[in-house]
>>> print(open('target-v5.cif').read())   # mmCIF, C-alpha atoms
data_upload
loop_
_atom_site.group_PDB
_atom_site.id
_atom_site.type_symbol
_atom_site.label_atom_id
_atom_site.label_comp_id
_atom_site.auth_asym_id
_atom_site.auth_seq_id
_atom_site.Cartn_x
_atom_site.Cartn_y
_atom_site.Cartn_z
ATOM 1 C CA MET A 1 0.000 0.000 0.000
ATOM 2 C CA THR A 2 1.429 3.344 -1.019
ATOM 3 C CA LYS A 3 0.493 6.910 -0.156
ATOM 4 C CA SER A 4 -1.505 7.404 -3.365
ATOM 5 C CA VAL A 5 -3.614 4.291 -2.704
ATOM 6 C CA LEU A 6 -4.101 5.398 0.891
ATOM 7 C CA ILE A 7 -5.221 8.841 -0.282
ATOM 8 C CA GLU A 8 -7.827 7.276 -2.582
ATOM 9 C CA LYS A 9 -9.081 5.108 0.253
ATOM 10 C CA ILE A 10 -9.394 8.069 2.619
ATOM 11 C CA ALA A 11 -10.999 10.260 -0.070
ATOM 12 C CA GLU A 12 -13.646 7.585 -0.569
ATOM 13 C CA LYS A 13 -14.354 7.351 3.168
ATOM 14 C CA VAL A 14 -14.622 11.082 3.793
ATOM 15 C CA LYS A 15 -16.725 11.895 0.748
ATOM 16 C CA ASP A 16 -19.324 13.434 3.083
ATOM 17 C CA LEU A 17 -16.868 16.276 3.629
ATOM 18 C CA ASN A 18 -16.990 17.021 -0.110
ATOM 19 C CA LEU A 19 -13.258 17.234 -0.497
ATOM 20 C CA THR A 20 -11.567 16.895 -3.833
ATOM 21 C CA LYS A 21 -8.901 14.247 -4.206
ATOM 22 C CA LYS A 22 -6.350 17.037 -4.302
ATOM 23 C CA GLN A 23 -7.564 18.433 -0.958
ATOM 24 C CA THR A 24 -7.434 14.995 0.648
ATOM 25 C CA GLU A 25 -3.913 14.680 -0.679
ATOM 26 C CA VAL A 26 -2.929 18.019 0.861
ATOM 27 C CA VAL A 27 -4.420 16.989 4.220
ATOM 28 C CA ILE A 28 -2.517 13.722 4.299
ATOM 29 C CA GLU A 29 0.739 15.336 3.184
ATOM 30 C CA THR A 30 0.216 17.936 5.916
ATOM 31 C CA VAL A 31 -0.191 15.248 8.581
ATOM 32 C CA PHE A 32 3.057 13.471 7.735
ATOM 33 C CA GLU A 33 4.934 16.747 7.202
ATOM 34 C CA SER A 34 3.761 17.988 10.625
ATOM 35 C CA ILE A 35 4.987 14.811 12.320
ATOM 36 C CA LYS A 36 8.339 15.212 10.577
ATOM 37 C CA GLU A 37 8.626 18.876 11.563
ATOM 38 C CA ALA A 38 7.699 18.131 15.180
ATOM 39 C CA LEU A 39 10.483 15.562 15.485
ATOM 40 C CA ALA A 40 12.935 17.836 13.695
ATOM 41 C CA LYS A 41 12.243 20.363 16.475
ATOM 42 C CA GLY A 42 12.764 17.688 19.100
ATOM 43 C CA ASP A 43 9.073 17.323 19.949
ATOM 44 C CA LYS A 44 7.212 14.040 20.083
ATOM 45 C CA VAL A 45 3.861 13.177 18.563
ATOM 46 C CA GLU A 46 1.280 11.018 20.330
ATOM 47 C CA VAL A 47 -1.589 9.463 18.438
ATOM 48 C CA ARG A 48 -3.806 7.528 20.858
ATOM 49 C CA GLY A 49 -4.456 3.977 19.745
ATOM 50 C CA PHE A 50 -2.019 4.221 16.857
ATOM 51 C CA GLY A 51 1.368 4.999 18.352
ATOM 52 C CA ASN A 52 3.934 7.602 19.293
ATOM 53 C CA PHE A 53 6.695 9.161 17.254
ATOM 54 C CA ARG A 54 9.780 10.424 19.034
ATOM 55 C CA LEU A 55 13.505 10.764 18.673
ATOM 56 C CA ARG A 56 16.035 8.248 19.832
ATOM 57 C CA HIS A 57 19.592 9.315 20.503
ATOM 58 C CA ARG A 58 22.330 7.125 19.127
ATOM 59 C CA LYS A 59 25.685 7.371 20.841
ATOM 60 C CA PHE A 60 29.034 7.846 19.187
ATOM 61 C CA ARG A 61 30.475 4.514 18.100
ATOM 62 C CA LYS A 62 33.256 3.014 16.096
ATOM 63 C CA ALA A 63 32.178 0.837 13.231
ATOM 64 C CA ARG A 64 33.836 -0.893 10.326
ATOM 65 C CA ASN A 65 33.381 -0.382 6.667
ATOM 66 C CA PRO A 66 32.325 -3.911 5.721
ATOM 67 C CA LYS A 67 33.933 -3.585 2.311
ATOM 68 C CA THR A 68 37.369 -2.350 3.278
ATOM 69 C CA GLY A 69 37.459 -3.403 6.936
ATOM 70 C CA GLU A 70 38.531 0.126 7.856
ATOM 71 C CA PHE A 71 37.438 1.605 11.171
ATOM 72 C CA VAL A 72 35.164 4.596 10.895
ATOM 73 C CA GLU A 73 33.833 6.867 13.607
ATOM 74 C CA VAL A 74 30.063 7.198 13.618
ATOM 75 C CA GLN A 75 29.046 10.504 15.152
ATOM 76 C CA PRO A 76 26.182 10.638 17.689
ATOM 77 C CA LYS A 77 22.864 11.160 15.931
ATOM 78 C CA LYS A 78 19.138 11.396 16.413
ATOM 79 C CA VAL A 79 16.851 8.946 14.640
ATOM 80 C CA PRO A 80 13.046 8.892 14.368
ATOM 81 C CA PHE A 81 11.440 6.116 16.386
ATOM 82 C CA PHE A 82 7.855 4.839 16.265
ATOM 83 C CA LYS A 83 6.362 2.969 19.183
ATOM 84 C CA VAL A 84 3.219 1.054 18.290
ATOM 85 C CA GLY A 85 0.173 1.893 20.416
ATOM 86 C CA LYS A 86 -1.478 -0.765 22.550
ATOM 87 C CA GLU A 87 -4.705 -0.812 20.557
ATOM 88 C CA LEU A 88 -2.927 -1.302 17.229
ATOM 89 C CA ARG A 89 -0.531 -3.870 18.673
ATOM 90 C CA GLU A 90 -3.460 -5.952 19.869
ATOM 91 C CA MET A 91 -5.472 -5.384 16.695
ATOM 92 C CA ILE A 92 -2.893 -6.871 14.347
ATOM 93 C CA ASN A 93 -2.852 -10.118 16.296
ATOM 94 C CA LYS A 94 -6.583 -10.735 16.122
ATOM 95 C CA MET B 1 2.024 17.098 20.070
ATOM 96 C CA THR B 2 -1.240 15.178 19.971
ATOM 97 C CA LYS B 3 -3.976 14.459 17.448
ATOM 98 C CA ALA B 4 -5.682 17.709 18.483
ATOM 99 C CA ASP B 5 -2.559 19.675 17.488
ATOM 100 C CA LEU B 6 -2.448 17.872 14.155
ATOM 101 C CA ALA B 7 -6.103 18.812 13.623
ATOM 102 C CA ASP B 8 -5.214 22.458 14.351
ATOM 103 C CA THR B 9 -2.487 22.356 11.714
ATOM 104 C CA ILE B 10 -4.928 20.993 9.128
ATOM 105 C CA PHE B 11 -7.415 23.668 10.140
ATOM 106 C CA GLU B 12 -4.774 26.380 9.610
ATOM 107 C CA LYS B 13 -3.121 25.045 6.477
ATOM 108 C CA VAL B 14 -6.029 23.507 4.607
ATOM 109 C CA GLY B 15 -8.954 25.524 5.874
ATOM 110 C CA LEU B 16 -11.203 22.650 6.918
ATOM 111 C CA SER B 17 -13.223 23.220 10.069
ATOM 112 C CA LYS B 18 -11.797 21.818 13.302
ATOM 113 C CA LYS B 19 -14.463 19.145 13.352
ATOM 114 C CA GLU B 20 -13.733 18.137 9.746
ATOM 115 C CA SER B 21 -10.002 18.152 10.434
ATOM 116 C CA MET B 22 -10.493 15.811 13.374
ATOM 117 C CA ASP B 23 -12.804 13.556 11.317
ATOM 118 C CA ILE B 24 -10.313 13.177 8.518
ATOM 119 C CA LEU B 25 -7.502 12.481 10.984
ATOM 120 C CA GLU B 26 -9.524 9.771 12.696
ATOM 121 C CA THR B 27 -10.306 8.283 9.292
ATOM 122 C CA LEU B 28 -6.660 8.357 8.281
ATOM 123 C CA PHE B 29 -5.383 6.595 11.387
ATOM 124 C CA ASP B 30 -8.302 4.140 11.479
ATOM 125 C CA SER B 31 -7.663 3.215 7.836
ATOM 126 C CA MET B 32 -3.978 2.721 8.495
ATOM 127 C CA LYS B 33 -4.816 0.506 11.465
ATOM 128 C CA ALA B 34 -7.194 -1.564 9.332
ATOM 129 C CA ILE B 35 -4.633 -1.970 6.539
ATOM 130 C CA LEU B 36 -1.888 -3.035 8.950
ATOM 131 C CA SER B 37 -4.301 -5.436 10.685
ATOM 132 C CA GLU B 38 -4.738 -7.194 7.370
ATOM 133 C CA GLY B 39 -1.013 -7.764 7.388
ATOM 134 C CA GLU B 40 -0.317 -5.230 4.677
ATOM 135 C CA SER B 41 2.576 -2.785 4.958
ATOM 136 C CA ILE B 42 2.159 0.938 4.229
ATOM 137 C CA LYS B 43 4.736 2.992 2.404
ATOM 138 C CA ILE B 44 4.542 6.781 2.667
ATOM 139 C CA ALA B 45 7.016 8.363 0.259
ATOM 140 C CA GLY B 46 9.231 10.914 2.003
ATOM 141 C CA PHE B 47 8.130 9.714 5.434
ATOM 142 C CA GLY B 48 8.743 6.016 5.863
ATOM 143 C CA THR B 49 7.331 2.511 5.806
ATOM 144 C CA PHE B 50 5.191 0.760 8.379
ATOM 145 C CA LEU B 51 6.094 -2.901 8.067
ATOM 146 C CA VAL B 52 4.173 -5.860 9.434
ATOM 147 C CA ARG B 53 6.612 -8.550 10.464
ATOM 148 C CA LYS B 54 5.829 -12.082 11.532
ATOM 149 C CA LYS B 55 7.583 -13.421 14.589
ATOM 150 C CA LYS B 56 7.936 -17.141 15.117
ATOM 151 C CA ALA B 57 7.157 -18.887 18.376
ATOM 152 C CA ARG B 58 10.102 -18.893 20.750
ATOM 153 C CA LYS B 59 10.966 -19.790 24.283
ATOM 154 C CA GLY B 60 11.069 -17.033 26.807
ATOM 155 C CA ARG B 61 11.250 -16.596 30.517
ATOM 156 C CA ASN B 62 9.140 -14.689 32.941
ATOM 157 C CA PRO B 63 11.719 -12.194 34.182
ATOM 158 C CA LYS B 64 10.022 -12.047 37.583
ATOM 159 C CA THR B 65 9.638 -15.728 38.393
ATOM 160 C CA GLY B 66 12.216 -17.211 36.045
ATOM 161 C CA ALA B 67 9.654 -19.708 34.792
ATOM 162 C CA GLU B 68 10.156 -20.819 31.212
ATOM 163 C CA LEU B 69 7.287 -20.222 28.868
ATOM 164 C CA GLN B 70 6.413 -20.437 25.210
ATOM 165 C CA ILE B 71 6.001 -17.107 23.417
ATOM 166 C CA THR B 72 3.293 -17.515 20.799
ATOM 167 C CA PRO B 73 3.927 -16.551 17.156
ATOM 168 C CA ARG B 74 2.794 -12.985 16.590
ATOM 169 C CA LYS B 75 2.874 -10.046 14.264
ATOM 170 C CA VAL B 76 4.666 -6.832 15.103
ATOM 171 C CA ILE B 77 4.825 -3.454 13.399
ATOM 172 C CA THR B 78 8.101 -1.749 12.742
ATOM 173 C CA PHE B 79 8.592 1.694 11.273
ATOM 174 C CA LYS B 80 11.455 2.333 8.911
ATOM 175 C CA PRO B 81 11.907 6.074 8.435
ATOM 176 C CA SER B 82 12.794 7.362 4.973
ATOM 177 C CA ILE B 83 16.134 9.038 4.346
ATOM 178 C CA GLN B 84 14.386 12.432 4.220
ATOM 179 C CA PHE B 85 12.845 11.826 7.651
ATOM 180 C CA LYS B 86 16.137 10.633 9.116
ATOM 181 C CA THR B 87 17.933 13.701 7.781
ATOM 182 C CA ALA B 88 15.229 16.011 9.137
ATOM 183 C CA ALA B 89 15.330 14.370 12.570
ATOM 184 C CA ASP B 90 19.106 14.490 12.839
ATOM 185 C CA LYS B 91 19.774 17.902 11.321
ATOM 186 C CA GLY B 92 16.635 19.642 12.540
ATOM 187 C CA LEU B 93 15.485 20.225 8.900
#
>>> encode(input="target-v5.cif", output="structure tokens")
Amino acid sequence: MTKSVLIEKIAEKVKDLNLTKKQTEVVIETVFESIKEALAKGDKVEVRGFGNFRLRHRKFRKARNPKTGEFVEVQPKKVPFFKVGKELREMINK
Amino acid sequence: MTKADLADTIFEKVGLSKKESMDILETLFDSMKAILSEGESIKIAGFGTFLVRKKKARKGRNPKTGAELQITPRKVITFKPSIQFKTAADKGL
């Protein structure tokens, strides 16, 4: 399932709102962009029943280039992390 | 940031009413939940992929009592952020 298929699905379900497909697309883009921006600012995003998005901090480490075997230093970094909500976690196993 | 804040952003950027913004958000997340429940992964270009992975049965231990037990096979969801998302998160956009 890709974003465009998801957009069509949502557009179909919210047809009572009389949105064009383009508007639905803008809404969905806005949602994912907002989540991205929030994390970029260091905020977290909580969506009840679905899950939470937050940053995880990775420490500095030494790693190896698997091709050359050379040691490289990996600088500390922040990575996006999604924790599945309880409701969704239980739903997928039913 | 919560769903209410996301609804506010839609209200500001797209011009739907607050009620409509909340409705469409609920629909979006409910649809995603339904799709994932069917075992299907969702790929959002520029954001990331929600993957449904199957875990086999394995032996585990109750960390409190130490009793051995069988962990049933189950499905789990993992999120793999896109490169754009990873860059944004690390560099602050």
>>> resolve_selection(input="target-v5.cif", expression="the PyMOL selection byres ((chain A) within 8 of (chain B))", output="PyMOL selection string")
chain A and resi 1-3+9-10+13-14+17+23+26-28+30-34+36-48+50+55+77-82+84+88-89+91-94
>>> axis_aligned_box(input="target-v5.cif", around="segment 5-13 of chain A", padding_each_side="8 Å", output="JSON")
{"center_x": -9.0, "center_y": 7.3, "center_z": 0.2, "size_x": 26.7, "size_y": 22.0, "size_z": 21.9}
>>> atom_distance(input="target-v5.cif", atom1="atom CA of Pro76 of chain A", atom2="atom CA of Lys59 of chain A")
4.6 Å
>>> atom_distance(input="target-v5.cif", atom1="atom CA of Lys21 of chain A", atom2="atom CA of Lys18 of chain B")
19.3 Å
>>> residues_around(input="target-v5.cif", residues="Glu73 of chain A", least_positions_apart="4", cutoff="8 Å", atoms="only C-alpha atoms", output="MDAnalysis selection string")
chainID A and resid 60:63
>>> atom_distance(input="target-v5.cif", atom1="atom CA of Glu90 of chain A", atom2="atom CA of Arg53 of chain B")
14.0 Å
>>> closest_residue(input="target-v5.cif", among="A:Gly85, A:Lys22, A:Ile35, A:Ala11", to="Arg54 of chain A", atoms="only C-alpha atoms")
A:Ile35
>>> build_atoms(input="target-v5.cif", residues="segment 28-39 of chain A", atoms="all heavy atoms", output="PDB file, in the coordinates of the input")
ATOM      1  N   ILE A  28      -3.370  14.836   3.899  1.00  0.00           N
ATOM      2  CA  ILE A  28      -2.517  13.722   4.299  1.00  0.00           C
ATOM      3  C   ILE A  28      -1.038  14.096   4.277  1.00  0.00           C
ATOM      4  O   ILE A  28      -0.289  13.770   5.192  1.00  0.00           O
ATOM      5  CB  ILE A  28      -2.844  12.473   3.442  1.00  0.00           C
ATOM      6  CG1 ILE A  28      -4.238  11.976   3.869  1.00  0.00           C
ATOM      7  CG2 ILE A  28      -1.813  11.371   3.612  1.00  0.00           C
ATOM      8  CD1 ILE A  28      -4.842  10.934   3.000  1.00  0.00           C
ATOM      9  N   GLU A  29      -0.642  14.842   3.239  1.00  0.00           N
ATOM     10  CA  GLU A  29       0.739  15.336   3.184  1.00  0.00           C
ATOM     11  C   GLU A  29       1.028  16.184   4.425  1.00  0.00           C
ATOM     12  O   GLU A  29       2.102  16.098   5.018  1.00  0.00           O
ATOM     13  CB  GLU A  29       0.969  16.200   1.934  1.00  0.00           C
ATOM     14  CG  GLU A  29       0.789  15.483   0.612  1.00  0.00           C
ATOM     15  CD  GLU A  29       2.000  14.662   0.192  1.00  0.00           C
ATOM     16  OE1 GLU A  29       2.973  14.624   0.960  1.00  0.00           O
ATOM     17  OE2 GLU A  29       1.934  14.045  -0.878  1.00  0.00           O
ATOM     18  N   THR A  30       0.050  17.037   4.774  1.00  0.00           N
ATOM     19  CA  THR A  30       0.216  17.936   5.916  1.00  0.00           C
ATOM     20  C   THR A  30       0.440  17.149   7.206  1.00  0.00           C
ATOM     21  O   THR A  30       1.289  17.507   8.022  1.00  0.00           O
ATOM     22  CB  THR A  30      -1.015  18.851   6.075  1.00  0.00           C
ATOM     23  OG1 THR A  30      -1.210  19.559   4.851  1.00  0.00           O
ATOM     24  CG2 THR A  30      -0.853  19.849   7.198  1.00  0.00           C
ATOM     25  N   VAL A  31      -0.322  16.069   7.376  1.00  0.00           N
ATOM     26  CA  VAL A  31      -0.191  15.248   8.581  1.00  0.00           C
ATOM     27  C   VAL A  31       1.233  14.715   8.713  1.00  0.00           C
ATOM     28  O   VAL A  31       1.894  14.900   9.738  1.00  0.00           O
ATOM     29  CB  VAL A  31      -1.196  14.071   8.571  1.00  0.00           C
ATOM     30  CG1 VAL A  31      -0.928  13.109   9.727  1.00  0.00           C
ATOM     31  CG2 VAL A  31      -2.624  14.597   8.628  1.00  0.00           C
ATOM     32  N   PHE A  32       1.731  14.077   7.634  1.00  0.00           N
ATOM     33  CA  PHE A  32       3.057  13.471   7.735  1.00  0.00           C
ATOM     34  C   PHE A  32       4.167  14.524   7.809  1.00  0.00           C
ATOM     35  O   PHE A  32       5.160  14.336   8.509  1.00  0.00           O
ATOM     36  CB  PHE A  32       3.277  12.463   6.597  1.00  0.00           C
ATOM     37  CG  PHE A  32       2.370  11.262   6.742  1.00  0.00           C
ATOM     38  CD1 PHE A  32       1.340  11.027   5.844  1.00  0.00           C
ATOM     39  CD2 PHE A  32       2.525  10.385   7.806  1.00  0.00           C
ATOM     40  CE1 PHE A  32       0.486   9.931   5.991  1.00  0.00           C
ATOM     41  CE2 PHE A  32       1.683   9.294   7.976  1.00  0.00           C
ATOM     42  CZ  PHE A  32       0.663   9.067   7.062  1.00  0.00           C
ATOM     43  N   GLU A  33       3.962  15.660   7.115  1.00  0.00           N
ATOM     44  CA  GLU A  33       4.934  16.747   7.202  1.00  0.00           C
ATOM     45  C   GLU A  33       4.991  17.304   8.628  1.00  0.00           C
ATOM     46  O   GLU A  33       6.062  17.606   9.146  1.00  0.00           O
ATOM     47  CB  GLU A  33       4.590  17.879   6.218  1.00  0.00           C
ATOM     48  CG  GLU A  33       5.109  17.673   4.802  1.00  0.00           C
ATOM     49  CD  GLU A  33       6.585  17.304   4.730  1.00  0.00           C
ATOM     50  OE1 GLU A  33       7.413  18.037   5.298  1.00  0.00           O
ATOM     51  OE2 GLU A  33       6.908  16.270   4.110  1.00  0.00           O
ATOM     52  N   SER A  34       3.813  17.443   9.264  1.00  0.00           N
ATOM     53  CA  SER A  34       3.761  17.988  10.625  1.00  0.00           C
ATOM     54  C   SER A  34       4.485  17.082  11.607  1.00  0.00           C
ATOM     55  O   SER A  34       5.169  17.558  12.516  1.00  0.00           O
ATOM     56  CB  SER A  34       2.317  18.147  11.094  1.00  0.00           C
ATOM     57  OG  SER A  34       1.599  18.940  10.193  1.00  0.00           O
ATOM     58  N   ILE A  35       4.309  15.764  11.429  1.00  0.00           N
ATOM     59  CA  ILE A  35       4.987  14.811  12.320  1.00  0.00           C
ATOM     60  C   ILE A  35       6.504  14.955  12.146  1.00  0.00           C
ATOM     61  O   ILE A  35       7.254  15.020  13.108  1.00  0.00           O
ATOM     62  CB  ILE A  35       4.528  13.360  12.034  1.00  0.00           C
ATOM     63  CG1 ILE A  35       3.023  13.218  12.331  1.00  0.00           C
ATOM     64  CG2 ILE A  35       5.337  12.362  12.863  1.00  0.00           C
ATOM     65  CD1 ILE A  35       2.435  11.864  11.955  1.00  0.00           C
ATOM     66  N   LYS A  36       6.919  15.062  10.874  1.00  0.00           N
ATOM     67  CA  LYS A  36       8.339  15.212  10.577  1.00  0.00           C
ATOM     68  C   LYS A  36       8.905  16.491  11.201  1.00  0.00           C
ATOM     69  O   LYS A  36       9.955  16.473  11.834  1.00  0.00           O
ATOM     70  CB  LYS A  36       8.526  15.270   9.053  1.00  0.00           C
ATOM     71  CG  LYS A  36       9.454  14.223   8.547  1.00  0.00           C
ATOM     72  CD  LYS A  36       9.323  13.870   7.097  1.00  0.00           C
ATOM     73  CE  LYS A  36       9.523  14.932   6.078  1.00  0.00           C
ATOM     74  NZ  LYS A  36       9.551  14.360   4.710  1.00  0.00           N
ATOM     75  N   GLU A  37       8.171  17.588  11.036  1.00  0.00           N
ATOM     76  CA  GLU A  37       8.626  18.876  11.563  1.00  0.00           C
ATOM     77  C   GLU A  37       8.711  18.851  13.086  1.00  0.00           C
ATOM     78  O   GLU A  37       9.636  19.406  13.672  1.00  0.00           O
ATOM     79  CB  GLU A  37       7.689  20.010  11.116  1.00  0.00           C
ATOM     80  CG  GLU A  37       7.952  20.449   9.696  1.00  0.00           C
ATOM     81  CD  GLU A  37       6.873  21.383   9.154  1.00  0.00           C
ATOM     82  OE1 GLU A  37       6.182  22.044   9.960  1.00  0.00           O
ATOM     83  OE2 GLU A  37       6.716  21.430   7.919  1.00  0.00           O
ATOM     84  N   ALA A  38       7.705  18.208  13.722  1.00  0.00           N
ATOM     85  CA  ALA A  38       7.699  18.131  15.180  1.00  0.00           C
ATOM     86  C   ALA A  38       8.956  17.424  15.680  1.00  0.00           C
ATOM     87  O   ALA A  38       9.636  17.910  16.585  1.00  0.00           O
ATOM     88  CB  ALA A  38       6.448  17.406  15.666  1.00  0.00           C
ATOM     89  N   LEU A  39       9.295  16.303  15.062  1.00  0.00           N
ATOM     90  CA  LEU A  39      10.483  15.562  15.485  1.00  0.00           C
ATOM     91  C   LEU A  39      11.764  16.330  15.184  1.00  0.00           C
ATOM     92  O   LEU A  39      12.711  16.293  15.963  1.00  0.00           O
ATOM     93  CB  LEU A  39      10.523  14.161  14.872  1.00  0.00           C
ATOM     94  CG  LEU A  39       9.897  13.086  15.776  1.00  0.00           C
ATOM     95  CD1 LEU A  39       8.403  13.223  15.868  1.00  0.00           C
ATOM     96  CD2 LEU A  39      10.278  11.695  15.337  1.00  0.00           C
TER      97      LEU A  39
END
